[in-house]
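Trainee: Have a look at the structure that comes next, please.
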Amino acid sequence: MLNGYHSHRQVTQIRAIIWSGDAMATKKRIQNSFIILLAVFYILASQQLFADQDNLTAFINAVLIDGTGAEPVPKMAILVKGIRIFKVGHVSDMTIPLSASRVDLKGATILPGFFNSHVHAAHDERKLKRWSRGGVTTVKEMGNALGSHTGLRDRLLKDNRNARLIIAGPIVSNPGGYGTWHVSSPKDAKEKINDLIDKGVDFIKIGIEDRQGLKSWPLINGKLVNAIVETAHSRGKSVSCHVTRSKHLVLALDGGTNSLEHMVYDELSDSMIERVVQEGVFWVPTLELWKNVSEQYGDWILRNAVTNLDRFVKSGGKVVLGTDFAGFNAEFDPGMPITEILLMKQASMTPMQIIVSATRNAAQLAGVIKDLGTIEPGKIADMIVIRGNPLTNIKILGEVKMVIKSGEIIKNEFLDDL
Ligand SMILES: [Zn+2]
């Protein structure tokens with residue numbers, strides 16, 4: 001029973017006691033008055049917990065997919081207080097305060113807001129709004145040529161309708177190498193990485209690349225990679241390495257990277273898969289990039305990337321969803337990355353594995369798992385609602401009906417649709 005009804009019934013009972021006392025003895029009346037006082041006190045006390053919380057919203061009757069990989073649970077309620085999730089539980093077990101506004105989701109599915117963990121050109125209000133409306137409430141900007149851009153990020157973050165923006169600043173590399181923030185020695189690396197972190201970047205991206213088509217670059221060396229990663233980690237920042245071919249994986253892994261960006265498109269050896277799995281390094285496959293590249297340079301590129309991802313996942317590898325939006329001269333999905341999702345499915349990932357790659361795993365890699373990535377008490381309330389079961393029809397992830405960001409409903413096409 002919901003507390004609202006419960007309290008109402010109690011109040012009615014109290015009124016009945018007050019108005020039916022005429023025939024009672026005085027002693028009995030005093031006893032009853034005492035019971036009334038106790039009852040009133042009980043009701044007030046039970047509401048007291050919420051007395052100073054005006055901003056309560058209860059999302060009820062939802063099928064919950066919480067982002068941890070746990071099976072969906074029907075008839076759930078999520079109580080949001082301010083920007084955070086306060087309680088999660090079965091509707092029949094949960095006390096919902098009278099002051100809470102109720103949103104009846106009528107059996108729709110609620111999931112954590114998705115991350116697209118590999119995008120470019122994201123310092124753009126229109127794009128950030130399209131992402132959030134599509135259900136992608138956080139994007140990771142993986143490097144741009146223009147510098148660290150932290151002031152603009154901070155301004156964009158002030159509008160709650162914009163997707164959250166987590167940024168690398170410029171891509172770090174050796175002089176002349178694949179990137180725009182060049183470090184020439186371990187000492188120089190330490191200074192320049194500290195400088196980027198002082199400027200407020202959220203993580204560090206290293207470019208490990210010597211050739212793409214007809215273009216070539218001098219390759220970064222291990223000493224520089226080690227110094228970059230060490231400095232970033234000493235400041236509590238994660239490191240992502242751009243790698244596209246197997247032979248460069250060792251540089252990233254020896255250096256201690258947190259993620260590999262782009263699935264390699266040559267044949268990945270079993271021993272290398274085993275090493276990445278053993279070391280718990282996340283892989284962000286960006287299959288939508290490889291699809292776009294394949295359309296110009298040959299199907300084999302995407303085919304190899306899909307096969308490598310399939311083998312990596314079957315070996316227990318940890319995947320994070322990212323597309324490389326705007327990283328290649330072709331169209332990318334602007335909101336929910338449905339092309340990437342379908343390609344991940346093609347690589348034999350289950351719908352649940354795909355969901356976890358865009359929620360919990362993404363938040364872990366980004367270092368924000370304390371606040372985001374799952375629907376659990378204490379987390380910031382970034383949630384999306386779809387009608388139907390994405391585990392049997394993954395495509396419906398492309399039809400997000402409601403988006404809640406920091407506890408606020410920023411899109412609601414759900415009620416119109418009933
Ligand atoms: Zn990229």
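Every chain in the structure tokens has a letter given in the order shown (A, B, ...), and although residue numbers restart at 1 in each chain, ligands are simply numbered from 1 in the order shown.
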If you count only C-alpha atoms and all ligand atoms, which residues end up within 6 Å of ligand 1, as a ChimeraX atom specification?

Mentor: /A:142,324,327

Trainee: Please dump the current selection as a PDB file, in the first residue's frame; keep C-alpha atoms.

Mentor:
```pdb
ATOM      1  CA  MET A 142      37.914  12.217 -26.955  1.00  0.00           C
ATOM      2  CA  ASP A 324      33.759   8.033 -32.657  1.00  0.00           C
ATOM      3  CA  GLY A 327      35.802  11.312 -35.947  1.00  0.00           C
TER       4      GLY A 327
END
```

Trainee: Just the residues within 9 Å of A:Asn292, please, counting only C-alpha atoms, with nothing from its chain fewer than 5 positions along; format it as JSON, numbers by chain.

Mentor: {"A": [287, 297, 302, 328, 329, 330, 331, 332]}

Trainee: Let's have the selection written as a PDB file, in the first residue's frame, with N, CA and C atoms.

Mentor:
```
ATOM      1  N   LEU A 287      32.555   0.652 -33.498  1.00  0.00           N
ATOM      2  CA  LEU A 287      32.245  -0.077 -34.744  1.00  0.00           C
ATOM      3  C   LEU A 287      31.567   0.820 -35.781  1.00  0.00           C
ATOM      4  N   TYR A 297      36.735   2.046 -47.773  1.00  0.00           N
ATOM      5  CA  TYR A 297      37.996   1.313 -47.960  1.00  0.00           C
ATOM      6  C   TYR A 297      37.851  -0.214 -48.005  1.00  0.00           C
ATOM      7  N   LEU A 302      35.526  -3.601 -41.219  1.00  0.00           N
ATOM      8  CA  LEU A 302      34.456  -3.792 -40.228  1.00  0.00           C
ATOM      9  C   LEU A 302      34.347  -5.271 -39.835  1.00  0.00           C
ATOM     10  N   PHE A 328      35.248  10.912 -38.273  1.00  0.00           N
ATOM     11  CA  PHE A 328      35.526  10.503 -39.648  1.00  0.00           C
ATOM     12  C   PHE A 328      34.504  11.232 -40.507  1.00  0.00           C
ATOM     13  N   ASN A 329      34.908  11.517 -41.738  1.00  0.00           N
ATOM     14  CA  ASN A 329      34.056  12.317 -42.600  1.00  0.00           C
ATOM     15  C   ASN A 329      32.858  11.516 -43.117  1.00  0.00           C
ATOM     16  N   ALA A 330      31.899  11.262 -42.236  1.00  0.00           N
ATOM     17  CA  ALA A 330      30.684  10.509 -42.599  1.00  0.00           C
ATOM     18  C   ALA A 330      29.634  10.778 -41.535  1.00  0.00           C
ATOM     19  N   GLU A 331      28.402  10.369 -41.811  1.00  0.00           N
ATOM     20  CA  GLU A 331      27.303  10.553 -40.849  1.00  0.00           C
ATOM     21  C   GLU A 331      27.428   9.582 -39.686  1.00  0.00           C
ATOM     22  N   PHE A 332      27.195  10.103 -38.488  1.00  0.00           N
ATOM     23  CA  PHE A 332      27.085   9.244 -37.302  1.00  0.00           C
ATOM     24  C   PHE A 332      25.718   9.485 -36.663  1.00  0.00           C
TER      25      PHE A 332
END
```

Trainee: Write out as a list in words each polymer residue whose atoms come within 10 Å of A:Gly169, counting only C-alpha atoms; drop sequence neighbours fewer than 5 positions from it.

Mentor: Glu141, Met142, Gly143, Asn144, Ala145, Leu146, Gly147, Ser148, His149, Thr150, Thr180, Trp181, Leu196, Ile197, Lys199, Gly200, Val201, Asp202, Phe203, Ile204 and Lys205 of chain A

Trainee: For N, CA, C and O atoms, I'd like the residues from the last selection saved as a compact mmCIF listing (two decimals), in the first residue's frame.

Mentor:
```txt
# COMPACT_ATOMS: atom_id res chain seq x y z
N GLU A 141 34.10 13.42 -24.70
CA GLU A 141 34.78 14.05 -25.84
C GLU A 141 36.24 13.59 -25.82
O GLU A 141 36.97 13.81 -24.86
N MET A 142 36.64 12.93 -26.93
CA MET A 142 37.91 12.22 -26.95
C MET A 142 39.05 12.99 -27.59
O MET A 142 39.98 12.40 -28.13
N GLY A 143 38.98 14.30 -27.54
CA GLY A 143 40.10 15.07 -28.04
C GLY A 143 39.71 15.94 -29.21
O GLY A 143 39.01 15.51 -30.12
N ASN A 144 40.15 17.19 -29.13
CA ASN A 144 39.93 18.10 -30.24
C ASN A 144 41.18 18.94 -30.42
O ASN A 144 42.02 19.03 -29.53
N ALA A 145 41.28 19.57 -31.58
CA ALA A 145 42.51 20.29 -31.93
C ALA A 145 42.59 21.64 -31.24
O ALA A 145 43.61 22.30 -31.28
N LEU A 146 41.51 22.06 -30.62
CA LEU A 146 41.43 23.46 -30.20
C LEU A 146 41.93 23.74 -28.78
O LEU A 146 41.94 24.89 -28.35
N GLY A 147 42.28 22.69 -28.04
CA GLY A 147 42.76 22.94 -26.68
C GLY A 147 41.84 22.31 -25.65
O GLY A 147 41.05 21.44 -25.97
N SER A 148 41.95 22.77 -24.41
CA SER A 148 41.27 22.05 -23.34
C SER A 148 39.79 22.42 -23.19
O SER A 148 38.99 21.63 -22.73
N HIS A 149 39.39 23.65 -23.58
CA HIS A 149 37.96 23.99 -23.66
C HIS A 149 37.20 23.82 -22.36
O HIS A 149 36.00 23.57 -22.37
N THR A 150 37.86 23.92 -21.22
CA THR A 150 37.16 23.62 -19.97
C THR A 150 36.13 24.69 -19.60
O THR A 150 35.11 24.38 -19.00
N THR A 180 47.77 16.74 -30.85
CA THR A 180 48.11 18.16 -30.95
C THR A 180 48.80 18.68 -29.69
O THR A 180 49.21 19.83 -29.63
N TRP A 181 48.93 17.86 -28.66
CA TRP A 181 49.59 18.28 -27.41
C TRP A 181 50.85 17.43 -27.31
O TRP A 181 50.81 16.28 -26.90
N LEU A 196 47.62 20.27 -18.27
CA LEU A 196 46.26 19.96 -18.78
C LEU A 196 45.30 19.70 -17.63
O LEU A 196 44.15 20.17 -17.64
N ILE A 197 45.77 18.96 -16.64
CA ILE A 197 44.90 18.62 -15.50
C ILE A 197 44.60 19.88 -14.68
O ILE A 197 43.47 20.10 -14.25
N LYS A 199 44.33 22.75 -15.95
CA LYS A 199 43.34 23.49 -16.75
C LYS A 199 41.94 22.89 -16.61
O LYS A 199 40.97 23.49 -17.05
N GLY A 200 41.85 21.68 -16.06
CA GLY A 200 40.54 21.12 -15.74
C GLY A 200 40.04 20.01 -16.65
O GLY A 200 38.85 19.69 -16.63
N VAL A 201 40.92 19.39 -17.45
CA VAL A 201 40.43 18.27 -18.27
C VAL A 201 40.05 17.10 -17.36
O VAL A 201 40.57 16.98 -16.24
N ASP A 202 39.12 16.26 -17.84
CA ASP A 202 38.61 15.18 -17.00
C ASP A 202 39.45 13.90 -17.10
O ASP A 202 39.43 13.07 -16.20
N PHE A 203 40.11 13.70 -18.23
CA PHE A 203 40.97 12.52 -18.41
C PHE A 203 41.96 12.83 -19.52
O PHE A 203 41.91 13.90 -20.13
N ILE A 204 42.87 11.89 -19.78
CA ILE A 204 43.93 12.10 -20.78
C ILE A 204 43.78 11.09 -21.91
O ILE A 204 43.52 9.90 -21.67
N LYS A 205 43.93 11.58 -23.14
CA LYS A 205 43.88 10.69 -24.32
C LYS A 205 45.23 10.72 -25.02
O LYS A 205 45.77 11.80 -25.30
```

Trainee: Kindly indicate which residue among A:Arg161, A:Gly388, A:Lys127, A:Asp310 lies nearest to A:Gln353, using only C-alpha atoms for the distances.

Mentor: A:Asp310

Trainee: Restricting the calculation to only C-alpha atoms: of A:Met344, A:Glu230, A:Ile60, A:Pro285, which residue gets closest to A:Met94?

Mentor: A:Ile60

Trainee: To one decimal in Å, tell me the separation between atom CA of A:Arg153 and atom CA of A:Pro170.

Mentor: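 These atoms are spaced 13.7 Å apart.
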
Trainee: Give me every strand (DSSP E) residue in stretch 229-361 of chain A, going by DSSP on the backbone, as number ranges by chain.

Mentor: A: 239-242, 259-261, 282-284, 318-319

Trainee: Can you spit out the residues from that selection as a short mmCIF file (atom, residue, chain, number, x, y, z; two decimals), in the first residue's frame, using N, CA and C atoms?

Mentor:
```
data_model
loop_
_atom_site.label_atom_id
_atom_site.label_comp_id
_atom_site.auth_asym_id
_atom_site.auth_seq_id
_atom_site.Cartn_x
_atom_site.Cartn_y
_atom_site.Cartn_z
N VAL A 239 43.34 7.26 -18.28
CA VAL A 239 44.00 7.45 -19.58
C VAL A 239 43.35 6.53 -20.61
N SER A 240 43.08 7.08 -21.79
CA SER A 240 42.56 6.30 -22.91
C SER A 240 43.57 6.37 -24.05
N CYS A 241 43.83 5.23 -24.68
CA CYS A 241 44.78 5.22 -25.79
C CYS A 241 44.09 4.88 -27.11
N HIS A 242 44.28 5.76 -28.09
CA HIS A 242 43.87 5.46 -29.46
C HIS A 242 44.84 4.44 -30.04
N SER A 259 41.87 2.38 -21.01
CA SER A 259 41.02 1.89 -22.11
C SER A 259 41.78 1.90 -23.42
N LEU A 260 41.32 1.02 -24.29
CA LEU A 260 41.78 0.98 -25.68
C LEU A 260 40.65 1.54 -26.52
N GLU A 261 40.96 2.56 -27.30
CA GLU A 261 39.93 3.21 -28.12
C GLU A 261 40.06 2.70 -29.55
N PHE A 282 39.43 -1.69 -20.33
CA PHE A 282 38.19 -1.55 -21.11
C PHE A 282 38.52 -1.38 -22.59
N TRP A 283 37.63 -1.91 -23.45
CA TRP A 283 37.82 -1.70 -24.88
C TRP A 283 36.59 -0.96 -25.43
N VAL A 284 36.83 0.14 -26.12
CA VAL A 284 35.75 0.95 -26.71
C VAL A 284 35.81 0.71 -28.23
N LYS A 318 35.94 -6.59 -21.03
CA LYS A 318 35.03 -5.51 -20.62
C LYS A 318 34.92 -4.46 -21.73
N VAL A 319 33.68 -4.22 -22.16
CA VAL A 319 33.45 -3.33 -23.30
C VAL A 319 32.72 -2.08 -22.84
#
```

Trainee: DSSP on the backbone: which residues in stretch 25-214 of chain A end up as helix (DSSP H, G or I)? Give the answer as a PyMOL selection string.

Mentor: chain A and resi 26-48+91-93+125-133+150-157+186-199

Trainee: Keeping only C-alpha atoms, take the residues you just selected and write them out as a compact mmCIF listing (two decimals), in the first residue's frame.

Mentor:
```txt
# COMPACT_ATOMS: atom_id res chain seq x y z
CA THR A 26 -14.75 11.06 30.58
CA LYS A 27 -11.94 8.62 31.39
CA LYS A 28 -12.48 6.82 28.10
CA ARG A 29 -12.43 10.17 26.26
CA ILE A 30 -9.09 11.08 27.83
CA GLN A 31 -7.71 7.69 26.81
CA ASN A 32 -8.95 8.24 23.28
CA SER A 33 -7.50 11.73 23.14
CA PHE A 34 -4.18 10.26 24.08
CA ILE A 35 -4.46 7.67 21.30
CA ILE A 36 -5.36 10.45 18.86
CA LEU A 37 -2.33 12.43 19.92
CA LEU A 38 -0.15 9.38 19.46
CA ALA A 39 -1.65 8.74 16.02
CA VAL A 40 -1.14 12.35 14.95
CA PHE A 41 2.39 12.25 16.30
CA TYR A 42 3.04 9.01 14.37
CA ILE A 43 1.79 10.50 11.12
CA LEU A 44 3.81 13.68 11.60
CA ALA A 45 6.90 11.68 12.52
CA SER A 46 6.59 9.46 9.44
CA GLN A 47 6.34 12.57 7.26
CA GLN A 48 9.14 14.32 9.11
CA VAL A 91 5.96 -0.70 -5.49
CA SER A 92 4.15 -2.70 -2.80
CA ASP A 93 7.05 -2.42 -0.34
CA GLU A 125 24.64 22.91 -27.36
CA ARG A 126 22.51 21.54 -30.19
CA LYS A 127 24.41 18.26 -30.29
CA LEU A 128 24.34 17.89 -26.50
CA LYS A 129 20.56 18.40 -26.52
CA ARG A 130 20.08 15.85 -29.29
CA TRP A 131 22.14 13.34 -27.34
CA SER A 132 20.24 13.83 -24.10
CA ARG A 133 16.84 13.71 -25.85
CA THR A 150 37.16 23.62 -19.97
CA GLY A 151 35.45 27.02 -19.68
CA LEU A 152 33.02 26.19 -22.47
CA ARG A 153 32.42 22.74 -20.97
CA ASP A 154 31.54 24.33 -17.64
CA ARG A 155 29.09 26.75 -19.30
CA LEU A 156 27.42 23.92 -21.24
CA LEU A 157 27.12 21.81 -18.09
CA PRO A 186 59.28 12.12 -19.70
CA LYS A 187 60.02 15.36 -17.81
CA ASP A 188 58.18 17.41 -20.43
CA ALA A 189 55.31 14.90 -20.34
CA LYS A 190 54.97 15.31 -16.59
CA GLU A 191 54.81 19.10 -16.87
CA LYS A 192 52.39 19.19 -19.78
CA ILE A 193 50.04 16.55 -18.38
CA ASN A 194 49.97 18.38 -15.05
CA ASP A 195 49.25 21.56 -16.99
CA LEU A 196 46.26 19.96 -18.78
CA ILE A 197 44.90 18.62 -15.50
CA ASP A 198 45.37 22.04 -13.87
CA LYS A 199 43.34 23.49 -16.75
```
